[in-house]
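This is coords_1.cif (mmCIF, C-alpha atoms and all ligand atoms).
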```
data_structure
#
loop_
_atom_site.label_atom_id
_atom_site.label_comp_id
_atom_site.auth_asym_id
_atom_site.auth_seq_id
_atom_site.Cartn_x
_atom_site.Cartn_y
_atom_site.Cartn_z
CA MET A 1 -7.50 -22.05 -17.67
CA LYS A 2 -10.93 -23.21 -16.62
CA ARG A 3 -10.80 -22.18 -13.01
CA ILE A 4 -8.77 -19.51 -11.20
CA GLY A 5 -8.36 -18.53 -7.55
CA VAL A 6 -7.98 -15.16 -5.88
CA LEU A 7 -6.68 -14.22 -2.42
CA THR A 8 -5.80 -11.10 -0.45
CA SER A 9 -2.82 -11.25 1.87
CA GLY A 10 -0.72 -9.19 4.28
CA GLY A 11 -1.78 -5.70 5.37
CA ASP A 12 -5.23 -4.83 4.04
CA ALA A 13 -5.75 -1.79 1.85
CA PRO A 14 -8.81 0.12 0.62
CA GLY A 15 -9.56 -0.98 -2.93
CA MET A 16 -8.73 -4.66 -2.38
CA ASN A 17 -12.44 -5.41 -2.65
CA ALA A 18 -12.67 -3.55 -5.95
CA ALA A 19 -9.73 -5.66 -7.19
CA VAL A 20 -11.40 -8.92 -6.06
CA ARG A 21 -14.59 -7.82 -7.83
CA ALA A 22 -12.66 -7.11 -11.02
CA VAL A 23 -10.94 -10.51 -10.93
CA VAL A 24 -14.21 -12.35 -10.38
CA ARG A 25 -16.25 -10.46 -12.96
CA LYS A 26 -13.55 -10.42 -15.63
CA ALA A 27 -13.03 -14.17 -15.30
CA ILE A 28 -16.75 -14.93 -15.38
CA TYR A 29 -17.11 -12.61 -18.38
CA HIS A 30 -14.65 -14.91 -20.17
CA GLY A 31 -16.42 -18.08 -19.03
CA VAL A 32 -13.89 -18.99 -16.34
CA GLU A 33 -14.89 -20.11 -12.83
CA VAL A 34 -13.45 -18.25 -9.84
CA TYR A 35 -12.68 -19.50 -6.35
CA GLY A 36 -12.07 -17.18 -3.42
CA VAL A 37 -9.33 -18.23 -1.02
CA TYR A 38 -10.22 -16.85 2.42
CA GLN A 39 -7.60 -15.59 4.94
CA GLY A 40 -4.69 -15.37 2.55
CA TYR A 41 -2.06 -18.10 2.43
CA GLN A 42 -3.39 -19.54 5.70
CA GLY A 43 -6.69 -20.25 3.96
CA LEU A 44 -4.82 -21.72 1.01
CA ILE A 45 -3.05 -24.20 3.29
CA ASN A 46 -6.25 -25.00 5.20
CA GLY A 47 -8.43 -25.28 2.11
CA ASN A 48 -10.68 -22.35 3.05
CA ILE A 49 -11.69 -22.05 -0.61
CA HIS A 50 -15.17 -21.28 -1.99
CA GLN A 51 -16.61 -20.54 -5.39
CA LEU A 52 -17.49 -16.91 -6.10
CA GLU A 53 -20.27 -15.91 -8.47
CA ALA A 54 -20.79 -12.52 -10.10
CA GLY A 55 -23.26 -11.74 -7.30
CA SER A 56 -20.78 -12.72 -4.57
CA VAL A 57 -18.85 -9.54 -5.24
CA GLY A 58 -21.88 -7.27 -5.54
CA ASP A 59 -22.03 -4.19 -3.33
CA ILE A 60 -18.36 -4.31 -2.31
CA ILE A 61 -16.70 -1.86 -4.72
CA HIS A 62 -17.06 0.99 -2.23
CA ARG A 63 -16.05 -0.94 0.88
CA GLY A 64 -12.66 -0.77 2.61
CA GLY A 65 -10.93 -3.88 3.97
CA THR A 66 -11.29 -7.18 2.12
CA ILE A 67 -14.24 -9.57 2.03
CA LEU A 68 -11.76 -12.42 1.52
CA ARG A 69 -10.07 -11.35 4.76
CA SER A 70 -6.33 -11.36 5.20
CA ALA A 71 -3.80 -13.08 7.44
CA ARG A 72 -0.12 -13.33 8.16
CA CYS A 73 0.98 -16.92 7.65
CA PRO A 74 4.56 -17.81 8.66
CA GLU A 75 3.83 -21.46 7.73
CA PHE A 76 3.64 -20.50 4.08
CA LYS A 77 7.31 -19.58 4.14
CA THR A 78 8.16 -23.27 4.71
CA GLN A 79 8.46 -26.06 2.10
CA GLU A 80 5.71 -28.05 3.81
CA GLY A 81 3.37 -25.05 3.85
CA GLN A 82 3.86 -24.42 0.15
CA GLN A 83 3.43 -28.11 -0.74
CA GLN A 84 0.23 -28.22 1.26
CA ALA A 85 -1.03 -25.10 -0.58
CA LEU A 86 -0.26 -26.70 -3.95
CA LYS A 87 -2.17 -29.82 -2.90
CA GLN A 88 -5.22 -27.71 -2.08
CA LEU A 89 -5.03 -25.90 -5.42
CA ASP A 90 -4.82 -29.27 -7.17
CA LYS A 91 -7.69 -30.70 -5.13
CA HIS A 92 -9.93 -27.79 -6.14
CA ASN A 93 -8.73 -27.96 -9.78
CA ILE A 94 -7.59 -24.35 -9.66
CA ASP A 95 -5.31 -23.65 -12.61
CA GLY A 96 -3.93 -20.22 -11.66
CA LEU A 97 -3.96 -17.78 -8.76
CA VAL A 98 -4.24 -14.00 -8.39
CA VAL A 99 -2.50 -12.71 -5.25
CA ILE A 100 -3.48 -9.22 -4.09
CA GLY A 101 -1.13 -7.82 -1.45
CA GLY A 102 2.16 -6.24 -0.53
CA ASP A 103 5.73 -7.35 -1.08
CA GLY A 104 5.51 -10.19 1.46
CA SER A 105 2.52 -11.55 -0.44
CA TYR A 106 4.50 -11.19 -3.68
CA ARG A 107 7.24 -13.34 -2.15
CA GLY A 108 4.62 -16.00 -1.52
CA ALA A 109 3.46 -15.77 -5.15
CA LYS A 110 7.10 -15.96 -6.24
CA ALA A 111 7.56 -19.15 -4.20
CA LEU A 112 4.59 -20.80 -5.97
CA THR A 113 5.85 -19.56 -9.34
CA GLU A 114 9.23 -21.13 -8.68
CA ARG A 115 7.41 -24.40 -8.03
CA GLY A 116 5.86 -24.13 -11.49
CA TYR A 117 2.42 -22.87 -10.46
CA PRO A 118 1.06 -19.82 -12.37
CA CYS A 119 0.47 -16.80 -10.12
CA VAL A 120 -0.04 -13.13 -10.86
CA GLY A 121 0.65 -10.45 -8.23
CA VAL A 122 -1.58 -7.37 -7.90
CA PRO A 123 -0.08 -4.55 -5.78
CA GLY A 124 -2.40 -3.85 -2.84
CA THR A 125 -0.92 -1.85 0.02
CA ILE A 126 -1.30 1.68 1.36
CA ASP A 127 2.50 2.06 1.55
CA ASN A 128 3.07 2.42 -2.22
CA ASP A 129 6.29 0.45 -1.80
CA ILE A 130 5.99 -2.25 -4.46
CA PRO A 131 8.52 -2.19 -7.28
CA GLY A 132 7.18 -2.45 -10.83
CA THR A 133 4.33 0.02 -10.35
CA GLU A 134 4.15 3.75 -9.74
CA PHE A 135 1.07 3.39 -7.57
CA THR A 136 -0.39 0.64 -5.41
CA ILE A 137 -4.05 0.03 -4.64
CA GLY A 138 -4.96 1.81 -1.38
CA PHE A 139 -2.27 4.48 -1.47
CA ASP A 140 -4.53 7.23 -2.81
CA THR A 141 -7.22 6.52 -0.20
CA ALA A 142 -4.69 6.51 2.64
CA LEU A 143 -3.28 9.75 1.31
CA ASN A 144 -6.69 11.39 1.32
CA THR A 145 -7.30 10.19 4.88
CA VAL A 146 -4.02 11.76 5.97
CA ILE A 147 -4.73 15.01 4.15
CA ASP A 148 -8.13 15.23 5.78
CA ALA A 149 -6.41 14.88 9.17
CA ILE A 150 -3.74 17.45 8.30
CA ASP A 151 -6.40 19.98 7.23
CA LYS A 152 -8.22 19.55 10.53
CA ILE A 153 -5.04 19.80 12.56
CA ARG A 154 -4.05 22.88 10.57
CA ASP A 155 -7.24 24.65 11.75
CA THR A 156 -6.38 24.16 15.38
CA ALA A 157 -2.66 24.68 14.79
CA SER A 158 -3.24 28.11 13.31
CA SER A 159 -5.79 29.15 15.97
CA HIS A 160 -3.38 28.30 18.74
CA GLU A 161 -0.17 29.19 16.91
CA ARG A 162 1.34 25.80 17.46
CA THR A 163 3.74 23.43 15.83
CA PHE A 164 2.26 20.03 15.15
CA ILE A 165 4.01 16.75 14.45
CA ILE A 166 1.92 14.20 12.57
CA GLU A 167 3.17 10.61 12.55
CA VAL A 168 2.03 8.62 9.52
CA MET A 169 2.52 5.01 8.36
CA GLY A 170 5.58 3.96 6.36
CA ARG A 171 8.22 1.70 7.86
CA ASP A 172 10.65 1.65 4.94
CA ALA A 173 8.93 3.85 2.38
CA GLY A 174 8.22 7.55 2.83
CA ASP A 175 5.59 7.82 0.09
CA ILE A 176 2.63 8.54 2.38
CA ALA A 177 4.59 11.17 4.33
CA LEU A 178 5.95 12.75 1.16
CA TRP A 179 2.76 12.96 -0.91
CA ALA A 180 0.61 13.91 2.08
CA GLY A 181 3.21 16.48 3.08
CA LEU A 182 3.19 18.07 -0.36
CA SER A 183 -0.59 18.10 -0.72
CA GLY A 184 -1.16 19.10 2.91
CA GLY A 185 1.37 21.93 2.78
CA ALA A 186 3.59 20.59 5.57
CA GLU A 187 6.67 22.65 6.37
CA THR A 188 8.88 19.65 7.01
CA ILE A 189 8.70 16.03 5.87
CA VAL A 190 10.80 13.35 7.53
CA ILE A 191 11.15 10.13 5.51
CA PRO A 192 13.23 6.95 5.80
CA GLU A 193 14.90 7.53 2.42
CA ASP A 194 16.68 10.70 3.56
CA PRO A 195 18.62 10.91 6.83
CA ILE A 196 17.05 13.37 9.23
CA ASP A 197 18.93 16.66 9.47
CA MET A 198 17.91 18.28 12.76
CA GLU A 199 19.97 21.41 12.10
CA SER A 200 18.16 22.23 8.89
CA MET A 201 14.82 21.38 10.50
CA LYS A 202 15.63 23.85 13.25
CA GLU A 203 16.61 26.48 10.70
CA ARG A 204 13.35 26.06 8.81
CA LEU A 205 11.28 26.30 11.99
CA MET A 206 13.12 29.41 13.14
CA LYS A 207 12.91 31.05 9.71
CA GLY A 208 9.18 30.38 9.63
CA LEU A 209 8.68 31.89 13.07
CA LYS A 210 10.70 34.95 12.06
CA ARG A 211 8.61 35.64 9.00
CA GLY A 212 5.51 35.50 11.18
CA LYS A 213 4.20 32.01 10.48
CA ARG A 214 1.47 31.23 12.97
CA HIS A 215 1.86 27.51 12.82
CA SER A 216 4.00 24.75 11.47
CA ILE A 217 3.31 21.17 10.47
CA ILE A 218 5.91 18.42 10.47
CA ILE A 219 5.10 15.02 8.98
CA VAL A 220 7.18 12.05 10.10
CA ALA A 221 7.05 8.52 8.69
CA GLU A 222 6.90 5.97 11.53
CA GLY A 223 9.97 4.15 10.17
CA VAL A 224 12.25 7.07 11.01
CA MET A 225 11.13 7.61 14.59
CA SER A 226 7.92 8.10 16.51
CA GLY A 227 6.20 11.47 16.62
CA ASN A 228 6.92 11.69 20.36
CA GLU A 229 10.63 11.02 19.89
CA LEU A 230 10.77 13.75 17.29
CA ALA A 231 8.88 16.13 19.57
CA ASP A 232 11.53 15.57 22.28
CA LYS A 233 14.31 16.30 19.81
CA VAL A 234 12.63 19.48 18.53
CA LYS A 235 12.09 20.66 22.12
CA GLU A 236 15.70 19.95 22.99
CA MET A 237 17.07 21.80 19.96
CA THR A 238 14.71 24.76 19.66
CA GLY A 239 12.79 24.99 22.88
CA ILE A 240 9.59 24.79 20.82
CA GLU A 241 6.78 22.78 22.40
CA THR A 242 4.99 20.70 19.80
CA ARG A 243 1.76 18.71 19.78
CA VAL A 244 1.86 15.18 18.41
CA SER A 245 -0.84 13.33 16.47
CA VAL A 246 -0.35 9.65 15.61
CA LEU A 247 -2.75 8.71 12.83
CA GLY A 248 -2.25 4.93 13.13
CA HIS A 249 -4.60 2.36 11.68
CA MET A 250 -7.25 4.81 10.51
CA GLN A 251 -4.94 5.21 7.50
CA ARG A 252 -5.76 1.64 6.45
CA GLY A 253 -9.52 1.99 6.44
CA GLY A 254 -12.29 3.83 4.67
CA SER A 255 -14.10 3.73 1.38
CA PRO A 256 -11.62 3.67 -1.52
CA THR A 257 -11.28 6.83 -3.60
CA ALA A 258 -12.39 6.82 -7.24
CA ARG A 259 -8.73 6.65 -8.23
CA ASP A 260 -8.14 3.51 -6.18
CA ARG A 261 -11.32 1.88 -7.48
CA VAL A 262 -10.31 2.53 -11.07
CA LEU A 263 -6.76 1.30 -10.44
CA ALA A 264 -8.01 -1.83 -8.66
CA SER A 265 -10.50 -2.58 -11.46
CA ARG A 266 -7.86 -2.18 -14.16
CA LEU A 267 -5.16 -4.18 -12.38
CA GLY A 268 -7.52 -6.98 -11.28
CA ALA A 269 -8.79 -7.39 -14.85
CA LYS A 270 -5.24 -7.29 -16.23
CA ALA A 271 -4.17 -10.09 -13.87
CA VAL A 272 -6.97 -12.29 -15.22
CA GLU A 273 -6.03 -11.47 -18.82
CA LEU A 274 -2.47 -12.62 -18.14
CA LEU A 275 -3.59 -15.89 -16.56
CA LEU A 276 -5.98 -16.56 -19.45
CA ALA A 277 -3.08 -15.99 -21.84
CA ASN A 278 -1.13 -18.58 -19.83
CA LYS A 279 1.27 -15.94 -18.60
CA GLY A 280 1.89 -16.86 -14.98
CA GLY A 281 4.68 -15.56 -12.80
CA ARG A 282 3.89 -11.91 -13.53
CA ALA A 283 3.33 -8.82 -11.39
CA VAL A 284 1.00 -6.13 -12.75
CA GLY A 285 1.40 -2.42 -12.26
CA ILE A 286 0.79 1.03 -13.67
CA GLU A 287 3.37 3.36 -15.20
CA ARG A 288 2.47 6.68 -16.84
CA ASN A 289 -1.16 5.58 -16.68
CA GLU A 290 -0.46 2.49 -18.82
CA LEU A 291 -0.82 -1.02 -17.43
CA VAL A 292 2.45 -2.95 -17.32
CA ASP A 293 3.54 -6.38 -16.17
CA TYR A 294 6.88 -7.72 -15.05
CA ASP A 295 8.34 -11.08 -14.25
CA ILE A 296 7.46 -11.38 -10.55
CA ILE A 297 10.96 -12.53 -9.60
CA GLU A 298 12.49 -9.63 -11.48
CA ALA A 299 9.95 -7.18 -10.01
CA LEU A 300 10.90 -8.20 -6.47
CA SER A 301 14.55 -7.51 -7.17
CA LEU A 302 13.89 -3.96 -8.42
CA PRO A 303 14.39 -1.20 -5.85
CA HIS A 304 11.39 0.87 -4.81
CA LYS A 305 12.01 4.39 -6.02
CA LEU A 306 10.80 7.42 -4.14
CA ASP A 307 9.75 10.26 -6.45
CA LEU A 308 12.66 12.62 -5.93
CA ASP A 309 11.05 15.40 -8.00
CA ILE A 310 8.10 15.44 -5.61
CA TYR A 311 10.52 15.51 -2.67
CA GLN A 312 12.46 18.44 -4.09
CA LEU A 313 9.24 20.28 -4.94
CA SER A 314 7.90 19.82 -1.42
CA LYS A 315 11.05 21.47 -0.09
CA GLU A 316 10.87 24.37 -2.55
CA LEU A 317 7.21 25.09 -1.77
CA SER A 318 7.50 24.96 1.99
CA ILE A 319 9.96 27.81 2.50
P1 LIG A 401 2.49 -7.74 2.87
O1 LIG A 401 2.05 -8.64 1.77
O2 LIG A 401 1.50 -6.67 3.19
O3 LIG A 401 3.90 -7.23 2.67
P2 LIG A 401 3.54 -9.69 4.82
O4 LIG A 401 4.95 -9.26 4.67
O5 LIG A 401 3.05 -9.98 6.18
O6 LIG A 401 2.51 -8.63 4.23
O7 LIG A 401 3.34 -10.99 3.93
C1 LIG A 401 2.09 -11.63 3.86
C2 LIG A 401 2.26 -13.12 3.82
O8 LIG A 401 3.00 -13.52 2.65
C3 LIG A 401 3.07 -13.72 4.97
O9 LIG A 401 2.32 -13.89 6.13
C4 LIG A 401 3.48 -15.07 4.36
O10 LIG A 401 2.42 -15.99 4.44
C5 LIG A 401 3.72 -14.72 2.90
N1 LIG A 401 5.17 -14.50 2.67
C6 LIG A 401 5.92 -13.44 3.05
N2 LIG A 401 7.23 -13.62 2.73
C7 LIG A 401 7.31 -14.85 2.15
C8 LIG A 401 8.38 -15.63 1.60
N3 LIG A 401 9.64 -15.19 1.59
N4 LIG A 401 8.08 -16.85 1.07
C9 LIG A 401 6.81 -17.30 1.07
N5 LIG A 401 5.77 -16.63 1.58
C10 LIG A 401 5.99 -15.41 2.10
#
```

I'd like the structure from this file rewritten - as structure tokens, please.
Ligand code: ADP
Amino acid sequence: MKRIGVLTSGGDAPGMNAAVRAVVRKAIYHGVEVYGVYQGYQGLINGNIHQLEAGSVGDIIHRGGTILRSARCPEFKTQEGQQQALKQLDKHNIDGLVVIGGDGSYRGAKALTERGYPCVGVPGTIDNDIPGTEFTIGFDTALNTVIDAIDKIRDTASSHERTFIIEVMGRDAGDIALWAGLSGGAETIVIPEDPIDMESMKERLMKGLKRGKRHSIIIVAEGVMSGNELADKVKEMTGIETRVSVLGHMQRGGSPTARDRVLASRLGAKAVELLLANKGGRAVGIERNELVDYDIIEALSLPHKLDLDIYQLSKELSI
């Protein structure tokens, strides 16, 4: 490998920049040239590809978003799109590609791998929903953003003795709701992985009120239902008026936490190591604080596992 490429794709996540920096610096450290592909797979098809030097990634480790920008690119799902992308890689003499993104982006990397082109996937998404890793880049930062919001809402909730519903991101995965719920001390957590049980939610709310709780916080992942829908249901079942906060896209932004920067640096460097060892078609991750890598096709077929111990604990501690 004399020259590698790097792109960020799909939903952006804090820490993507730290991962890009790690890829660029690690490659240059080993005497390999690096090309940045701008705007994800769209930029790959269009040839929006430029060389990155060590200095090109200076002063970005602390910045949210991605300097390479991101895009959704339906064209890349087609044969023609992928062939065009391979032509561009060939034209620029790029021997291998690091793809930083979520599971959609991994599917793109898988498609190139199946066409014989070496790609390595780096998990970058706030949702923490990529198989083959316990944590994704951006999850910890999003979690801290949510906790900060919960703490602030808790102040007003307890002053006014109110029940708050906080809607967080997570279409199919409840990780943000679950971990934020545990660390924010929420009374109830509603996640896509467990069917909502309104009766038991009602019981918990009533029990809390009886023992003199001055406020209550319910976290709902957007994939289950909206905060407003849940508020209507709670009102209907208990008569309790709730206040709803929808955190929305603020969860995607902000300066990455130290944990995300370290994770991004380690995973970005690992991806380069694999390419330099001629090991394409891999997906990198972290398990028990050790770096791991899986066959990207195999990784995509693994189910994403919610941490059931954390879920159980959150229930036991919120009585
Ligand atoms: P994320 O990577 O955050 O999950 P998306 O699901 O939007 O975000 O995927 C990002 C991009 O990856 C898509 O716009 C598309 O270009 C590419 N992609 C997604 N699925 C496939 C697929 N099955 N085959 C090839 N490319 C894909």

Query raised in the report: Which residues form the shell of 7 Å around ligand LIG 401 (chain A) when you count all atoms listed in the file, given as a VMD selection string?
Result: chain A and resid 9 to 11 41 to 42 71 to 77 101 to 108 111 125

Pull C-alpha atoms from the residues just selected and write them as a JSON list (two decimals), keeping the file's coordinate frame.
```
[["chain", "number", "residue", "atom", "x", "y", "z"],
["A", 9, "SER", "CA", -2.82, -11.25, 1.87],
["A", 10, "GLY", "CA", -0.72, -9.19, 4.28],
["A", 11, "GLY", "CA", -1.78, -5.70, 5.37],
["A", 41, "TYR", "CA", -2.06, -18.10, 2.43],
["A", 42, "GLN", "CA", -3.39, -19.54, 5.70],
["A", 71, "ALA", "CA", -3.80, -13.08, 7.44],
["A", 72, "ARG", "CA", -0.12, -13.33, 8.16],
["A", 73, "CYS", "CA", 0.98, -16.92, 7.65],
["A", 74, "PRO", "CA", 4.56, -17.81, 8.66],
["A", 75, "GLU", "CA", 3.83, -21.46, 7.73],
["A", 76, "PHE", "CA", 3.64, -20.50, 4.08],
["A", 77, "LYS", "CA", 7.31, -19.58, 4.14],
["A", 101, "GLY", "CA", -1.13, -7.82, -1.45],
["A", 102, "GLY", "CA", 2.16, -6.24, -0.53],
["A", 103, "ASP", "CA", 5.73, -7.35, -1.08],
["A", 104, "GLY", "CA", 5.51, -10.19, 1.46],
["A", 105, "SER", "CA", 2.52, -11.55, -0.44],
["A", 106, "TYR", "CA", 4.50, -11.19, -3.68],
["A", 107, "ARG", "CA", 7.24, -13.34, -2.15],
["A", 108, "GLY", "CA", 4.62, -16.00, -1.52],
["A", 111, "ALA", "CA", 7.56, -19.15, -4.20],
["A", 125, "THR", "CA", -0.92, -1.85, 0.02]]
```

Query raised in the report: Do you have the CA of Ser301 in chain A-CA of Lys110 in chain A distance handy?
Result: 11.3 Å

Around all the atoms of range 266-284 of chain A listed in the file, with 3 Å of room on each side, what axis-aligned box do you get, giving centre and edge lengths in Å to one decimal, as AutoDock Vina command-line options?
```
--center_x -2.1 --center_y -10.4 --center_z -16.6 --size_x 19.5 --size_y 22.4 --size_z 16.6
```

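By chain and then residue number, the residues within 10 Å of Leu7 in chain A are Met16, Val20, Tyr35, Gly36, Val37, Tyr38, Gln39, Gly40, Tyr41, Gly43, Leu44, Ile49, Thr66, Ile67, Leu68, Arg69, Ser70, Leu97, Val98, Val99, Ile100, Gly101 and Ser105 of chain A, counting all atoms listed in the file and disregarding those fewer than 3 positions away in sequence.
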
Requested in this report: Determine the nearest neighbour of Gly253 in chain A from the options A:Pro195, A:Gly138, A:Pro118, A:Gly31, counting only C-alpha atoms.
Outcome: A:Gly138

Query raised in the report: Can you tell me, as a list in words, which residues sit within 12 Å of (-5.9, -29.4, -8.5) in the file's frame, using all atoms listed in the file?
Result: Met1, Lys2, Arg3, Ile4, Gly5, Gly47, Gln84, Ala85, Leu86, Lys87, Gln88, Leu89, Asp90, Lys91, His92, Asn93, Ile94, Asp95, Gly96, Leu97 and Tyr117 of chain A

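A straight line drawn from CA of Gly185 in chain A to CA of Ile218 in chain A is 9.6 Å long.
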
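Nearest to Asp129 in chain A of all the residues A:Ile176, A:Met250, A:Ile150, A:Ala142 is A:Ile176, counting all atoms listed in the file.
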
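CA of Gly116 in chain A lies 26.6 Å from CA of Tyr29 in chain A.
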
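For the choices A:Val284, A:Val6, A:Ala109, A:Val190, the atom-to-atom distance to Ala177 in chain A is smallest for A:Val190 when using all atoms listed in the file.
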
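Closest approach to Ile130 in chain A among A:Ile217, A:Asp175, A:Glu167, A:Ala269 is made by A:Asp175 (distances from all atoms listed in the file).
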
Query raised in the report: Which of these residues is nearest to Ser200 in chain A, using all atoms listed in the file: A:Arg115, A:Arg252, A:Lys315, A:Arg259?
Result: A:Lys315

Query raised in the report: From the list A:Met201, A:Val246, A:Ile196, A:Leu263, which residue is nearest Ile153 in chain A when using all atoms listed in the file?
Result: A:Val246

Report task. For Ser265 in chain A, work out the shell of residues within 7 Å, counting all atoms listed in the file and skipping chain neighbours fewer than 6 positions away, then give it as a PyMOL selection string. Result -> chain A and resi 18-19+22

Query - Exercise: Ser226 in chain A partners within 10 Å, all atoms listed in the file, chain neighbours under 3 positions left out, as a ChimeraX atom specification - result: /A:165-168,220-223,229-231,244,246

Report the closest atom pair, with its distance in Å rounded to one decimal, for each residue of range 164-206 of chain A that has an atom no farther than 9 Å from range 234-239 of chain A; count all atoms listed in the file, sort by chain and then rising residue number, and write it as a tab-separated table.
```
residue	atom	partner	partner_atom	distance
A:Met198	CA	A:Val234	CA	7.9
A:Glu199	CA	A:Met237	CA	8.4
A:Met201	CA	A:Val234	CA	8.5
A:Lys202	CA	A:Thr238	CA	6.5
A:Leu205	CA	A:Thr238	CA	8.5
A:Met206	CA	A:Thr238	CA	8.2
```
